[in-house]
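Trainee: This structure is in structure tokens; I'll ask about it shortly.
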Amino acid sequence: MKLDSVLISDAVDPACAQLLRENGIQVTQKTKMPLEELLDEIKKHDGLIVRSDTQVTKQVMGNLKVIGMAGTGVDNIDLAAATKKGIIVMNTPGANSISACELTCALILDLARHVSPANSALKHGVWERQSYTGTELYGKTLAVLGLGRIGRQVAKRMQAFGMKTISFDSMISSEAAREFYVEKMELEQIWPLADYITVHMPLIPQTKDLINFDVLNKCKKGICVVNVGRGGIVNEEGLLKSLESGQCGGAALDVFTEEPPRSEGLLRLLAHPKVLATPHLGANTTEAQKRVAVQIAGQFIALNKGSSLSGV
Ligand code: NAD
Ligand code: MLT
């Protein structure tokens, strides 16, 4: 397949554009375009590279030949529409796994020890020790939902803190899970055992609202939830209700159904004192951003040269 021109519509590391240009492909990088401008711009290109900001709907696809995700999750790309139009969709699995894993671990620790709220209070002049008394992770149970590239790295690191790790994954066998010292279980077995739940599966119809008010009620009182996967896997309304009832003891959220969050419900969730929130930073490290940029550019160049495809 011959590619003449590629549009990069999200904040992808400049290494991507540089590599593409060095290989004879024209590149335009324009981010945060309003829809009208994006629709106008896309007409000039046969390739598109995004992260999770651009919503690649059927309307946006125009006459594209290939769409590249400089990252992992492809839920912002209408895959059914792309398939119908014969557009190749590629991503860069694994290139940002360690970064997403490390943020997850940081958030689990933060939930346990209240680092962020205590820091914020102290910066506002409040020296308060008692109300920021934490809990140890040692001996607690972490449920890793989705034991793929990120989930298994999270399990491995949190085991070093003495956490027991259990998991649900529709495609990983009990034997494979055991290789990572993780016990595979059914969801209904997991709920009453978990002290922390972390989700690392794709956002698909089967995982939407997987963690909801009713599920949280089946968990231990004080259950903590971490979502560095995708907004919508944890039902935000149900989570807020559970936090308000005192059943859920804390939540750390990197991803939201609306990014940036503007709706009243989401702003209430963010404002809850037991919620830690980060603006979709899972993959935002220098290393991961360079890796995904170079990897997706390499995949486009291979496609352009007619070499074998990867990440499709
Ligand atoms: P992966 O494909 O390696 O692992 C996903 C796991 O989920 C697989 O083991 C799969 O078997 C399992 N799974 C799929 N559907 C399931 C279902 N219905 N029920 C149970 N398990 C199911 O993916 P990964 O690299 O670990 O990434 C996971 C997700 O993390 C991505 O899809 C992406 O949305 C998200 N992510 C977020 C960030 C961020 O910046 N916050 C960064 C990277 C990835
Ligand atoms: C991913 O799924 O790889 C990330 O969420 C992409 C991003 O950081 O935009």
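Letters A, B, ... mark the chains of the structure tokens in the order given; residue numbers begin at 1 per chain; ligand numbers begin at 1, in order shown.
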May I have all residues of region 52-201 of chain A that DSSP, computed from the backbone, assigns to strand (DSSP E or B), given as a PDB file with C-alpha atoms, in the first residue's frame?
Mentor:
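File part.pdb, as written:
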```pdb
ATOM      1  CA  VAL A  56     -12.397   8.392  14.919  1.00  0.00           C
ATOM      2  CA  VAL A  66      -4.911   3.302   7.458  1.00  0.00           C
ATOM      3  CA  ILE A  67      -5.497   4.481  11.030  1.00  0.00           C
ATOM      4  CA  GLY A  68      -2.786   4.118  13.662  1.00  0.00           C
ATOM      5  CA  MET A  69      -3.246   4.295  17.424  1.00  0.00           C
ATOM      6  CA  ILE A  77     -11.949   4.161  16.741  1.00  0.00           C
ATOM      7  CA  ILE A  88      -6.426  -0.988   8.221  1.00  0.00           C
ATOM      8  CA  VAL A  89      -6.335  -0.176  11.958  1.00  0.00           C
ATOM      9  CA  MET A  90      -3.078  -0.634  13.877  1.00  0.00           C
ATOM     10  CA  THR A 141      -5.958  -8.924  48.297  1.00  0.00           C
ATOM     11  CA  LEU A 142      -5.670  -7.232  44.925  1.00  0.00           C
ATOM     12  CA  ALA A 143      -8.123  -8.287  42.203  1.00  0.00           C
ATOM     13  CA  VAL A 144      -6.637  -7.677  38.771  1.00  0.00           C
ATOM     14  CA  LEU A 145      -9.439  -7.713  36.205  1.00  0.00           C
ATOM     15  CA  LYS A 164      -2.258 -11.622  47.401  1.00  0.00           C
ATOM     16  CA  THR A 165      -3.226 -11.362  43.735  1.00  0.00           C
ATOM     17  CA  ILE A 166      -6.392 -12.844  42.225  1.00  0.00           C
ATOM     18  CA  SER A 167      -7.742 -12.252  38.732  1.00  0.00           C
ATOM     19  CA  PHE A 168     -10.576 -12.616  36.283  1.00  0.00           C
ATOM     20  CA  GLU A 183      -5.092 -17.148  41.170  1.00  0.00           C
ATOM     21  CA  LYS A 184      -7.728 -17.045  38.446  1.00  0.00           C
ATOM     22  CA  TYR A 196      -8.515  -3.482  45.939  1.00  0.00           C
ATOM     23  CA  ILE A 197      -9.844  -3.920  42.409  1.00  0.00           C
ATOM     24  CA  THR A 198      -7.851  -2.707  39.397  1.00  0.00           C
ATOM     25  CA  VAL A 199      -9.211  -2.970  35.841  1.00  0.00           C
TER      26      VAL A 199
END
```
Trainee: Excluding same-chain residues fewer than 6 positions from Gly298 (chain A), what lies within 12 Å of it counting only C-alpha atoms, as an MDAnalysis selection string?
Mentor: chainID A and resid 15:23 25 68 70 90:92 291:292 304:305 307:311
Trainee: Using only C-alpha atoms, which residues sit within 9 Å of Val60 (chain A) once same-chain residues fewer than 5 positions away are excluded, as a count of residues only?
Mentor: 5
Trainee: Kindly work out which residues sit at most 7 Å from ligand 2, using only C-alpha atoms and all ligand atoms, and give the list as number ranges by chain.
Mentor: A: 51-53, 70-74, 96, 280-284
Trainee: Neighbouring residues of Ile87 (chain A) were defined as those with any atom within 6 Å, considering only C-alpha atoms; residues of the same chain fewer than 2 positions away were excluded. Please report them as a PDB file with C-alpha atoms, in the first residue's frame.
Mentor:
```pdb
ATOM      1  CA  LYS A  65      -6.399   3.788   3.999  1.00  0.00           C
ATOM      2  CA  VAL A  66      -4.911   3.302   7.458  1.00  0.00           C
ATOM      3  CA  ALA A  82     -13.231   0.928   9.487  1.00  0.00           C
ATOM      4  CA  THR A  83     -13.623  -2.768   8.592  1.00  0.00           C
ATOM      5  CA  LYS A  85     -14.533   0.688   4.569  1.00  0.00           C
TER       6      LYS A  85
END
```
Trainee: List every residue of region 107-304 of chain A that DSSP, applied to the backbone, labels as alpha helix (DSSP H), and write the result as number ranges by chain.
Mentor: A: 107-113, 115-123, 149-159, 174-179, 187-190, 213-218, 236-245, 264-271, 286-304
Trainee: Can I get the selected residues back with C-alpha atoms, as a PDB file, in the first residue's frame?
Mentor:
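selection-v1.pdb, freshly written:
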```pdb
ATOM      1  CA  LEU A 107      -2.392   5.049  42.691  1.00  0.00           C
ATOM      2  CA  ILE A 108      -2.854   1.879  44.773  1.00  0.00           C
ATOM      3  CA  LEU A 109      -0.150   3.129  47.157  1.00  0.00           C
ATOM      4  CA  ASP A 110      -1.675   6.586  47.213  1.00  0.00           C
ATOM      5  CA  LEU A 111      -5.100   5.171  48.111  1.00  0.00           C
ATOM      6  CA  ALA A 112      -3.555   3.148  50.941  1.00  0.00           C
ATOM      7  CA  ARG A 113      -1.477   5.996  52.408  1.00  0.00           C
ATOM      8  CA  VAL A 115      -0.268  10.757  49.914  1.00  0.00           C
ATOM      9  CA  SER A 116      -2.126  13.117  47.569  1.00  0.00           C
ATOM     10  CA  PRO A 117      -4.758  14.443  50.004  1.00  0.00           C
ATOM     11  CA  ALA A 118      -2.208  14.793  52.822  1.00  0.00           C
ATOM     12  CA  ASN A 119       0.161  16.634  50.486  1.00  0.00           C
ATOM     13  CA  SER A 120      -2.595  18.925  49.345  1.00  0.00           C
ATOM     14  CA  ALA A 121      -3.681  19.650  52.944  1.00  0.00           C
ATOM     15  CA  LEU A 122      -0.136  20.395  54.100  1.00  0.00           C
ATOM     16  CA  LYS A 123       0.413  22.776  51.200  1.00  0.00           C
ATOM     17  CA  ARG A 149       0.224  -6.983  29.371  1.00  0.00           C
ATOM     18  CA  ILE A 150      -0.532  -4.334  31.996  1.00  0.00           C
ATOM     19  CA  GLY A 151      -2.474  -6.434  34.504  1.00  0.00           C
ATOM     20  CA  ARG A 152       0.260  -9.033  34.944  1.00  0.00           C
ATOM     21  CA  GLN A 153       2.933  -6.358  35.467  1.00  0.00           C
ATOM     22  CA  VAL A 154       0.737  -4.722  38.129  1.00  0.00           C
ATOM     23  CA  ALA A 155       0.276  -8.098  39.833  1.00  0.00           C
ATOM     24  CA  LYS A 156       4.022  -8.756  39.828  1.00  0.00           C
ATOM     25  CA  ARG A 157       4.861  -5.395  41.396  1.00  0.00           C
ATOM     26  CA  MET A 158       2.121  -5.461  44.014  1.00  0.00           C
ATOM     27  CA  GLN A 159       3.146  -8.987  45.059  1.00  0.00           C
ATOM     28  CA  SER A 174      -5.731 -20.759  35.375  1.00  0.00           C
ATOM     29  CA  GLU A 175      -2.366 -22.337  34.503  1.00  0.00           C
ATOM     30  CA  ALA A 176      -1.193 -19.217  32.665  1.00  0.00           C
ATOM     31  CA  ALA A 177      -2.330 -17.031  35.581  1.00  0.00           C
ATOM     32  CA  ARG A 178      -0.412 -19.258  38.010  1.00  0.00           C
ATOM     33  CA  GLU A 179       2.785 -18.529  36.083  1.00  0.00           C
ATOM     34  CA  LEU A 187     -16.073 -12.616  39.210  1.00  0.00           C
ATOM     35  CA  GLU A 188     -18.607 -13.716  41.836  1.00  0.00           C
ATOM     36  CA  GLN A 189     -15.787 -15.375  43.810  1.00  0.00           C
ATOM     37  CA  ILE A 190     -13.647 -12.269  43.545  1.00  0.00           C
ATOM     38  CA  PHE A 213     -23.135  -0.068  42.422  1.00  0.00           C
ATOM     39  CA  ASP A 214     -24.476  -3.631  42.849  1.00  0.00           C
ATOM     40  CA  VAL A 215     -21.048  -5.188  42.352  1.00  0.00           C
ATOM     41  CA  LEU A 216     -19.485  -2.811  44.884  1.00  0.00           C
ATOM     42  CA  ASN A 217     -22.182  -3.871  47.359  1.00  0.00           C
ATOM     43  CA  LYS A 218     -21.009  -7.479  46.987  1.00  0.00           C
ATOM     44  CA  GLU A 236     -19.174   6.402  37.465  1.00  0.00           C
ATOM     45  CA  GLU A 237     -22.678   7.021  38.826  1.00  0.00           C
ATOM     46  CA  GLY A 238     -22.633   3.723  40.742  1.00  0.00           C
ATOM     47  CA  LEU A 239     -19.156   4.450  42.080  1.00  0.00           C
ATOM     48  CA  LEU A 240     -20.214   7.867  43.410  1.00  0.00           C
ATOM     49  CA  LYS A 241     -23.298   6.349  45.070  1.00  0.00           C
ATOM     50  CA  SER A 242     -21.135   3.669  46.662  1.00  0.00           C
ATOM     51  CA  LEU A 243     -18.579   6.229  47.885  1.00  0.00           C
ATOM     52  CA  GLU A 244     -21.373   8.369  49.339  1.00  0.00           C
ATOM     53  CA  SER A 245     -22.845   5.361  51.146  1.00  0.00           C
ATOM     54  CA  GLU A 264     -22.223  17.615  36.695  1.00  0.00           C
ATOM     55  CA  GLY A 265     -22.145  13.958  37.767  1.00  0.00           C
ATOM     56  CA  LEU A 266     -18.486  13.556  36.868  1.00  0.00           C
ATOM     57  CA  LEU A 267     -17.504  16.809  38.565  1.00  0.00           C
ATOM     58  CA  ARG A 268     -19.258  15.587  41.741  1.00  0.00           C
ATOM     59  CA  LEU A 269     -17.317  12.325  41.512  1.00  0.00           C
ATOM     60  CA  LEU A 270     -14.006  14.186  41.089  1.00  0.00           C
ATOM     61  CA  ALA A 271     -14.812  16.420  44.048  1.00  0.00           C
ATOM     62  CA  THR A 286       8.882  10.188  28.127  1.00  0.00           C
ATOM     63  CA  GLU A 287       9.819   6.568  27.521  1.00  0.00           C
ATOM     64  CA  ALA A 288       6.365   5.288  26.589  1.00  0.00           C
ATOM     65  CA  GLN A 289       5.607   8.254  24.356  1.00  0.00           C
ATOM     66  CA  LYS A 290       8.843   7.825  22.432  1.00  0.00           C
ATOM     67  CA  ARG A 291       8.209   4.073  22.139  1.00  0.00           C
ATOM     68  CA  VAL A 292       4.652   4.343  20.818  1.00  0.00           C
ATOM     69  CA  ALA A 293       5.667   7.120  18.393  1.00  0.00           C
ATOM     70  CA  VAL A 294       8.570   5.175  16.933  1.00  0.00           C
ATOM     71  CA  GLN A 295       6.601   1.933  16.846  1.00  0.00           C
ATOM     72  CA  ILE A 296       3.560   3.312  15.026  1.00  0.00           C
ATOM     73  CA  ALA A 297       5.773   5.192  12.551  1.00  0.00           C
ATOM     74  CA  GLY A 298       7.680   1.955  11.899  1.00  0.00           C
ATOM     75  CA  GLN A 299       4.423   0.123  11.235  1.00  0.00           C
ATOM     76  CA  PHE A 300       3.289   2.814   8.751  1.00  0.00           C
ATOM     77  CA  ILE A 301       6.676   2.729   7.003  1.00  0.00           C
ATOM     78  CA  ALA A 302       6.532  -1.071   6.726  1.00  0.00           C
ATOM     79  CA  LEU A 303       3.038  -0.790   5.247  1.00  0.00           C
ATOM     80  CA  ASN A 304       4.264   1.798   2.770  1.00  0.00           C
TER      81      ASN A 304
END
```
Trainee: Suppose you want the space between atom 39 (C, counted along the ligand's line) of ligand 1 and CA of Phe180 (chain A); what is it in Å?
Mentor: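 The value is 22.0 Å.
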Trainee: Work out how far apart CA of Leu276 (chain A) and CA of Val225 (chain A) are and give it in Å to one decimal.
Mentor: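 CA of Val225 (chain A) lies at a distance of 10.3 Å from CA of Leu276 (chain A).
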Trainee: Which of these, A:Pro192, A:Gly139, A:Gly232, A:Pro14, has the shortest distance to ligand 1 once you count only C-alpha atoms and all ligand atoms?
Mentor: A:Gly232
